[in-house]
Amino acid sequence: MISFFDVTKRFPGGQVALDRVSFEIGAGEFVFLTGPSGAGKTTLLSLILRQDLPTHGRILVNGRNVVSLPRTKIPFLRRSIGVVFQDFRLIPRKTVFENVTYLPRILGLGSEKQRTLGYETLRRVGLAHKANAFPLELSGGEQQRVAIARALVNDPAILVADEPTGNLDEDLSDEIFELFREIHLRGTTVIVATHDRDRIRRAGQRVLVLHGGRLVRDGDAPVENSELEPVLSRGENGG
Amino acid sequence: MISFFDVTKRFPGGQVALDRVSFEIGAGEFVFLTGPSGAGKTTLLSLILRQDLPTHGRILVNGRNVVSLPRTKIPFLRRSIGVVFQDFRLIPRKTVFENVTYLPRILGLGSEKQRTLGYETLRRVGLAHKANAFPLELSGGEQQRVAIARALVNDPAILVADEPTGNLDEDLSDEIFELFREIHLRGTTVIVATHDRDRIRRAGQRVLVLHGGRLVRDGDAPVENSELEPVLSRGENGG
Amino acid sequence: MTLGKALYYFAREALLNLFRSWKTSLLAVTTIAVSLFIGGFFLMLAANASRLIEDWKSEAMVVVYFAPTTDLNEVDAARSLAGSPAWVEGVDEVTAPQARERFRASFPSVATLVEGWEEEPLPASLEVSFDPLLVEDHAFEAWLGELEELPEVELVDDDRDWVDQLELALQLVLGLGLALGAVLLGAAILTIASVIRLTAILYQDEIDVMRLVGATEFYLRGPFYVEGLWQGLLGGLVALGALFGGFVAVQPMAEGSLLLGTMGTTFLAWPQQVLLVGVGAVAGLLGAIFSLRREAI
Amino acid sequence: MTLGKALYYFAREALLNLFRSWKTSLLAVTTIAVSLFIGGFFLMLAANASRLIEDWKSEAMVVVYFAPTTDLNEVDAARSLAGSPAWVEGVDEVTAPQARERFRASFPSVATLVEGWEEEPLPASLEVSFDPLLVEDHAFEAWLGELEELPEVELVDDDRDWVDQLELALQLVLGLGLALGAVLLGAAILTIASVIRLTAILYQDEIDVMRLVGATEFYLRGPFYVEGLWQGLLGGLVALGALFGGFVAVQPMAEGSLLLGTMGTTFLAWPQQVLLVGVGAVAGLLGAIFSLRREAI
Ligand SMILES: Nc1ncnc2c1ncn2[C@@H]1O[C@H](COP(=O)(O)OP(=O)(O)OP(=O)(O)O)[C@@H](O)[C@H]1O
Ligand SMILES: Nc1ncnc2c1ncn2[C@@H]1O[C@H](COP(=O)(O)OP(=O)(O)OP(=O)(O)O)[C@@H](O)[C@H]1O
Ligand SMILES: [Mg+2]
Ligand SMILES: [Mg+2]
């Protein structure tokens, strides 16, 4: 479903955010992505979305080479991917409901169906009562849940979530991950970037560990604390 | 140092974010503030900063009644408070260094001293090498640490941090909380809003628990999981 | 989505955005209105000025002076020849005494010149008014020649120098007006584009997000284009309203004043009013298109 | 911080912001430049037009006609009286034959009028040119009266109707120019304020953050005010440059054209150039002040 071949991303300033990263994620897999602050997680996810181009290497998503994808095809790639951005990226001039149903709306869904779909999804993240609020009238955790609802609404083939529970307490996080598991069981490929080591350990799923832009671990055995710690120490993250 | 007397905050839409909240925090205390998403934590902190006015009630900070504080005095209140905002609030047109040293600069500190102070503080959060980057060129965790550095730079009398480690891994979070403890030991009053129950439990400090805008617990004994759970359940948070 | 549904969606989104960010909308509308107000002001001025010059032009005449002592009863040939071409609008006769009186009135300082003569000192004449627009140069010259060759005609005085001068002045005024209009229109479009461009920067994040969740350029841009169109339309209507208000307010003052009295007597014609609002709409749309070029976001 | 240090800080911050958000700066500067270009254009037009009218006014004359057959050698009294007042610039003599020749040249159609006389048909005269600015109405009237009462003088023809007409025309043109200038300046300031207001909305988050970390209004606003000032200054300079460029480019064409030839011959004077740039700077500053009113943020 998603393959990286020797992908390097160097920013104009010279910062190397990804350094010869290669991996493959099959259809229907559930993968955690972790690594210390500044390791390159968000950068990696942005390349999947064709938000940015790699400096070097090949990226295949859903069989399509996203590097050589013509501009006009990009929206269709993105429509097949539900994304929870680390900084939410809600549209401030649109209500919660309009934010969540943006994609169904421009896909031409009937307004009755939009309604059902939007409220159903908001209910799943516990925010149906905030449907008519604007993002700036929400708490941090509420904004994050709107972002999650927007990613789930279209039943995407791939779900990409960047630190989706950073502003949520344990119980809510559990529920959100339960949602991710549900959608995964229905066949969606899920990639979640997170700092939450306990959860990674408990889940026992496949984990990709980045460090200073390099992929230092790719395994699906439960990760030991001792195993994670050395690579998670700060201060030498490739600056 | 900080006292709330019967404080209520109702937003124009009718949403009651704080409901008759009263508590007192002495000088030099270290207090956790917790509660589920949408409980009113950020709203409470914003009232301390005089970012907003309560609908009802009295708030004293550092002996001054912030509700009746004249406009021209507000900046001086704020200068005595270091704040880490939940959404960071960095200035995008300024570099990391300029963001961190903004207050010292407008206070007229010499450029040599600004330099020492700025770099020293950035070093403490592990970001000295990013001093000349702009916020949008930083990862989520890096932005959060810049926000923390800005709050610490001026050695404030009060430190207010809203979910300061939501984008950081455990090791970094530990180091940040170590910083908070240090500054607390030097006499600063510290209030940290967080969802991190483990940390609250381990720290064994005083905890204020909000739920649906009401202060449902104010104690400094180690909090049991069972004690937190009922109030942290989602779905009835006063919408 | 069908095109109809898409257009409906654009219009609705644009209207919502217009209201939700009414502050920026107000700024954009104001800017467009100000630009168009100036443009409309000049349009009105130019229209009135050219009307004035047309008036003057229509007073151009050919004067046929008869030999002294010619009797007006003996000049039928000249009269019919003078009245024959299509461009002639009227033929007035001026008798010798009338000519003398006119001279006295026009040149009081040398009035003595026409006094004390036995016969009338000035000849009788025919004043032929004509429509300069219908005149063909060649036929006109020929006609003048024929008139001049009649035995009773002494001199044919042709006002066309005067007409040519007016023609030139009119062309210059129109040219100047056109140049000015172009400068102002350019300025207006630039300003509108600036404002919409700023608005676009303001909503860049919003556009980025839409793009990131899979909106095609068509759905992304549509509402912004229509928003520009609404703003331009509104700006045009406001400008027209202000112009009309100003016109009505100034009208009483204009009656007392020479220049305003001749210049500011008619409001913009219907097509010009439509033009003004249309230019606003197009400018708003162009500004939106200009400001949303792909590389600009 | 001392005031000097604060001002230095403002200037530096403003300059940094100007460069870091060069796109919005460019827009603001463009808008100001366009507004001032239009303003300057009219200033230039008005200056040239009023100079032209001054030229015409300076050609106003008083003509003293002598009785027929008066010999110019016998009119010393009239000559010295005519030349005595301070406002008189020159006294020219026109002999009777000269007068006849002029009449023939000016009115060819009635040239027969001045032919076939035994004596000269037209009287000799003195043409007194004067500076209308130095004239005091009262003394002027008295002087005309004295001239008229001299026995050898038949008529004094006073061009002051003409001068008054010109005066009125000048005042109307100046008034119209002023009104236009005011409208345009208002439009320019409104536009500039719009743009800076939009910029302020754009940077509202930034300003909010500064306020939240404890910046006083002084330190918060200073850099924005100076940014507006820089932008206005730059806009003024660009407008001046464009105006001069346009002037130089049009100059060769102007020489061939009647209207442009008389209207577009001098560029703005030094003080006007300074005024233009100054208005830009002040407009930028005012715009920033206007757009940063407390309740506006
Ligand atoms: N636009 C940019 N220009 C320059 N450097 C950048 C840019 N974006 C990111 N970086 C740098 O690239 C590195 C990787 O960033 P990235 O956002 O991928 O980290 P991350 O793993 O998501 O970290 P976090 O957990 O803190 O979100 C960081 O050092 C960051 O400073
Ligand atoms: N400007 C506003 N207008 C209306 N309602 C608001 C506004 N700001 C916050 N609220 C509401 O007030 C309640 C409390 O919000 P607050 O941000 O204080 O929660 P919080 O405890 O910080 O939550 P989180 O942990 O998710 O950040 C929420 O239900 C929120 O939707
Ligand atoms: Mg990240
Ligand atoms: Mg909060």
# chains A, B, ... in the order shown; residues from 1 in each chain; ligands from 1

$ residues_near_ligand --ligand "ligand 3" --cutoff "10 Å" --atoms "only C-alpha atoms and all ligand atoms" --output "PyMOL selection string"
(chain A and resi 34-46+85-87+162-163+193-195) or (chain B and resi 138-143+167-168)

$ select_by_dssp --residues "chain B" --states "strand (DSSP E or B)" --output "PyMOL selection string"
chain B and resi 2-10+16-25+30-34+56-61+64-65+81-84+158-162+189-193+206-211+214-219

$ interface_residues --of "chain A" --to "chain C" --cutoff "6 Å" --atoms "only C-alpha atoms" --output "PyMOL selection string"
chain A and resi 75+78-79+91+108

$ write_last_selection --atoms "N, CA, C and O atoms" --output "JSON list (two decimals), in the first residue's frame"
[["chain", "number", "residue", "atom", "x", "y", "z"],
["A", 75, "PRO", "N", -5.23, 15.78, -5.84],
["A", 75, "PRO", "CA", -6.42, 15.76, -4.99],
["A", 75, "PRO", "C", -7.01, 14.36, -4.85],
["A", 75, "PRO", "O", -7.49, 14.00, -3.78],
["A", 78, "ARG", "N", -5.18, 12.36, -2.37],
["A", 78, "ARG", "CA", -5.45, 12.82, -1.00],
["A", 78, "ARG", "C", -6.83, 12.40, -0.51],
["A", 78, "ARG", "O", -7.05, 12.21, 0.68],
["A", 79, "ARG", "N", -7.79, 12.31, -1.46],
["A", 79, "ARG", "CA", -9.13, 11.92, -1.05],
["A", 79, "ARG", "C", -9.18, 10.50, -0.52],
["A", 79, "ARG", "O", -10.10, 10.15, 0.21],
["A", 91, "ILE", "N", -10.44, 24.65, 9.50],
["A", 91, "ILE", "CA", -10.71, 25.89, 8.78],
["A", 91, "ILE", "C", -11.48, 26.82, 9.71],
["A", 91, "ILE", "O", -12.62, 26.52, 10.08],
["A", 108, "GLY", "N", -20.07, 16.05, -3.64],
["A", 108, "GLY", "CA", -21.42, 16.13, -4.17],
["A", 108, "GLY", "C", -22.43, 15.26, -3.45],
["A", 108, "GLY", "O", -23.50, 14.97, -3.99]]

$ residues_around --residues "A:Glu182" --least-positions-apart "3" --cutoff "12 Å" --atoms "only C-alpha atoms" --output "MDAnalysis selection string"
chainID A and resid 28 30 124 152 155 159 175:179 185:190

$ write_last_selection --atoms "N, CA and C atoms" --output "compact mmCIF listing (two decimals), in the first residue's frame"
# COMPACT_ATOMS: atom_id res chain seq x y z
N GLY A 28 -4.03 -2.80 4.63
CA GLY A 28 -4.70 -3.30 5.83
C GLY A 28 -3.80 -3.45 7.04
N PHE A 30 -1.54 -2.11 10.38
CA PHE A 30 -1.65 -1.07 11.40
C PHE A 30 -0.23 -0.83 11.92
N ARG A 124 -19.15 9.82 17.24
CA ARG A 124 -18.11 8.84 17.58
C ARG A 124 -16.95 9.47 18.33
N LEU A 152 -11.88 10.59 9.54
CA LEU A 152 -12.63 9.33 9.48
C LEU A 152 -13.85 9.39 8.58
N ASP A 155 -14.39 7.36 5.24
CA ASP A 155 -14.01 5.95 5.20
C ASP A 155 -12.82 5.74 4.27
N LEU A 159 -5.43 5.69 6.64
CA LEU A 159 -5.59 6.70 7.69
C LEU A 159 -4.21 7.06 8.23
N GLU A 175 -10.42 5.52 23.64
CA GLU A 175 -11.58 5.45 22.74
C GLU A 175 -11.19 5.76 21.30
N ILE A 176 -10.32 6.80 21.14
CA ILE A 176 -9.87 7.14 19.79
C ILE A 176 -9.13 5.95 19.17
N PHE A 177 -8.25 5.31 19.94
CA PHE A 177 -7.52 4.18 19.37
C PHE A 177 -8.45 3.02 19.09
N GLU A 178 -9.52 2.92 19.87
CA GLU A 178 -10.54 1.90 19.59
C GLU A 178 -11.18 2.18 18.21
N LEU A 179 -11.44 3.48 17.94
CA LEU A 179 -11.96 3.87 16.63
C LEU A 179 -10.99 3.49 15.52
N LEU A 185 -9.97 -2.75 11.22
CA LEU A 185 -10.59 -4.07 11.03
C LEU A 185 -11.46 -4.08 9.78
N ARG A 186 -11.97 -2.91 9.39
CA ARG A 186 -12.77 -2.85 8.17
C ARG A 186 -11.90 -2.78 6.92
N GLY A 187 -10.55 -2.85 7.11
CA GLY A 187 -9.67 -2.97 5.94
C GLY A 187 -8.79 -1.77 5.67
N THR A 188 -8.93 -0.70 6.47
CA THR A 188 -8.14 0.50 6.23
C THR A 188 -6.70 0.32 6.73
N THR A 189 -5.76 0.82 5.94
CA THR A 189 -4.37 0.84 6.36
C THR A 189 -4.18 2.02 7.31
N VAL A 190 -3.60 1.78 8.50
CA VAL A 190 -3.50 2.84 9.49
C VAL A 190 -2.04 3.08 9.87

$ closest_residue --among "D:Leu234, D:Leu126, D:Ile201, D:Ala105" --to "chain C" --atoms "only C-alpha atoms"
D:Ile201

$ atom_distance --atom1 "atom CA of C:Leu243" --atom2 "atom CA of C:Trp270"
13.6 Å

$ closest_residue --among "A:Val192, A:Phe4, A:Pro12, A:Arg71" --to "ligand 1" --atoms "only C-alpha atoms and all ligand atoms"
A:Pro12

$ residues_around --residues "stretch 281-287 of chain C" --least-positions-apart "3" --cutoff "10 Å" --atoms "only C-alpha atoms" --output "PyMOL selection string"
chain C and resi 28-29+32+36+185-186+188-197+224-237+275-278+290-292

$ write_last_selection --atoms "N, CA and C atoms" --output "short mmCIF file (atom, residue, chain, number, x, y, z; two decimals), in the first residue's frame"
data_model
loop_
_atom_site.label_atom_id
_atom_site.label_comp_id
_atom_site.auth_asym_id
_atom_site.auth_seq_id
_atom_site.Cartn_x
_atom_site.Cartn_y
_atom_site.Cartn_z
N ALA C 28 -12.68 45.26 1.32
CA ALA C 28 -12.58 45.02 -0.12
C ALA C 28 -13.64 45.83 -0.86
N VAL C 29 -14.86 45.77 -0.35
CA VAL C 29 -15.96 46.48 -1.01
C VAL C 29 -15.68 47.98 -1.02
N ILE C 32 -13.02 48.83 -3.66
CA ILE C 32 -13.57 48.78 -5.00
C ILE C 32 -14.49 49.97 -5.22
N LEU C 36 -14.11 52.84 -8.08
CA LEU C 36 -15.15 53.03 -9.09
C LEU C 36 -15.82 54.38 -8.98
N LEU C 185 -8.54 53.28 -14.06
CA LEU C 185 -9.04 51.91 -14.08
C LEU C 185 -7.92 50.95 -13.71
N GLY C 186 -6.75 51.20 -14.29
CA GLY C 186 -5.59 50.38 -13.94
C GLY C 186 -5.34 50.45 -12.44
N ALA C 188 -7.46 51.18 -10.15
CA ALA C 188 -8.54 50.50 -9.43
C ALA C 188 -8.32 49.00 -9.44
N ILE C 189 -8.01 48.46 -10.60
CA ILE C 189 -7.81 47.01 -10.69
C ILE C 189 -6.62 46.59 -9.85
N LEU C 190 -5.55 47.38 -9.92
CA LEU C 190 -4.37 47.07 -9.10
C LEU C 190 -4.73 47.05 -7.62
N THR C 191 -5.47 48.10 -7.22
CA THR C 191 -5.84 48.19 -5.81
C THR C 191 -6.72 47.03 -5.40
N ILE C 192 -7.72 46.76 -6.24
CA ILE C 192 -8.62 45.65 -5.93
C ILE C 192 -7.82 44.35 -5.86
N ALA C 193 -6.93 44.16 -6.83
CA ALA C 193 -6.11 42.96 -6.83
C ALA C 193 -5.27 42.89 -5.56
N SER C 194 -4.71 44.05 -5.17
CA SER C 194 -3.92 44.09 -3.93
C SER C 194 -4.75 43.59 -2.76
N VAL C 195 -5.95 44.14 -2.67
CA VAL C 195 -6.79 43.80 -1.53
C VAL C 195 -7.16 42.32 -1.54
N ILE C 196 -7.55 41.85 -2.73
CA ILE C 196 -7.93 40.44 -2.79
C ILE C 196 -6.71 39.55 -2.56
N ARG C 197 -5.56 40.01 -3.05
CA ARG C 197 -4.33 39.26 -2.83
C ARG C 197 -4.04 39.15 -1.33
N PHE C 224 -13.86 31.39 -3.97
CA PHE C 224 -13.09 32.64 -3.86
C PHE C 224 -13.38 33.54 -5.06
N TYR C 225 -13.48 32.93 -6.24
CA TYR C 225 -13.81 33.72 -7.42
C TYR C 225 -15.16 34.41 -7.21
N VAL C 226 -16.13 33.60 -6.77
CA VAL C 226 -17.47 34.16 -6.62
C VAL C 226 -17.47 35.20 -5.50
N GLU C 227 -16.66 34.98 -4.48
CA GLU C 227 -16.55 35.99 -3.42
C GLU C 227 -16.04 37.30 -4.01
N GLY C 228 -15.01 37.20 -4.87
CA GLY C 228 -14.49 38.40 -5.54
C GLY C 228 -15.58 39.07 -6.36
N LEU C 229 -16.34 38.25 -7.06
CA LEU C 229 -17.43 38.77 -7.90
C LEU C 229 -18.47 39.51 -7.05
N TRP C 230 -18.88 38.88 -5.96
CA TRP C 230 -19.85 39.53 -5.06
C TRP C 230 -19.30 40.87 -4.58
N GLN C 231 -18.06 40.83 -4.14
CA GLN C 231 -17.46 42.06 -3.59
C GLN C 231 -17.43 43.15 -4.65
N GLY C 232 -17.01 42.77 -5.87
CA GLY C 232 -16.94 43.74 -6.95
C GLY C 232 -18.31 44.32 -7.27
N LEU C 233 -19.30 43.44 -7.32
CA LEU C 233 -20.67 43.85 -7.62
C LEU C 233 -21.16 44.83 -6.56
N LEU C 234 -20.96 44.44 -5.31
CA LEU C 234 -21.36 45.30 -4.20
C LEU C 234 -20.65 46.63 -4.28
N GLY C 235 -19.34 46.59 -4.52
CA GLY C 235 -18.54 47.82 -4.62
C GLY C 235 -19.09 48.71 -5.72
N GLY C 236 -19.42 48.11 -6.86
CA GLY C 236 -19.95 48.88 -7.97
C GLY C 236 -21.27 49.54 -7.61
N LEU C 237 -22.13 48.78 -6.93
CA LEU C 237 -23.43 49.34 -6.55
C LEU C 237 -23.26 50.48 -5.55
N LEU C 275 -22.25 49.68 -17.02
CA LEU C 275 -20.81 49.53 -17.23
C LEU C 275 -20.06 49.62 -15.91
N LEU C 276 -20.39 50.63 -15.11
CA LEU C 276 -19.71 50.87 -13.84
C LEU C 276 -19.81 49.64 -12.94
N VAL C 277 -21.03 49.16 -12.76
CA VAL C 277 -21.23 48.00 -11.89
C VAL C 277 -20.55 46.77 -12.51
N GLY C 278 -20.65 46.67 -13.83
CA GLY C 278 -20.02 45.53 -14.51
C GLY C 278 -18.52 45.55 -14.34
N PHE C 290 -6.43 36.75 -10.39
CA PHE C 290 -5.04 37.22 -10.35
C PHE C 290 -4.37 36.82 -9.05
N SER C 291 -5.13 36.94 -7.94
CA SER C 291 -4.51 36.72 -6.64
C SER C 291 -4.45 35.25 -6.26
N LEU C 292 -5.12 34.39 -7.04
CA LEU C 292 -5.11 32.97 -6.69
C LEU C 292 -4.32 32.15 -7.70
#

$ residues_around --residues "B:Gly219" --least-positions-apart "5" --cutoff "8 Å" --atoms "only C-alpha atoms" --output "MDAnalysis selection string"
chainID B and resid 206:208

$ select_by_dssp --residues "stretch 13-104 of chain B" --states "alpha helix (DSSP H)" --output "list of chain:residue names"
B:Lys41, B:Thr42, B:Thr43, B:Leu44, B:Leu45, B:Ser46, B:Leu47, B:Ile48, B:Ile74, B:Pro75, B:Phe76, B:Leu77, B:Arg78, B:Arg79, B:Val96, B:Phe97, B:Glu98, B:Asn99, B:Val100, B:Tyr102, B:Leu103, B:Pro104
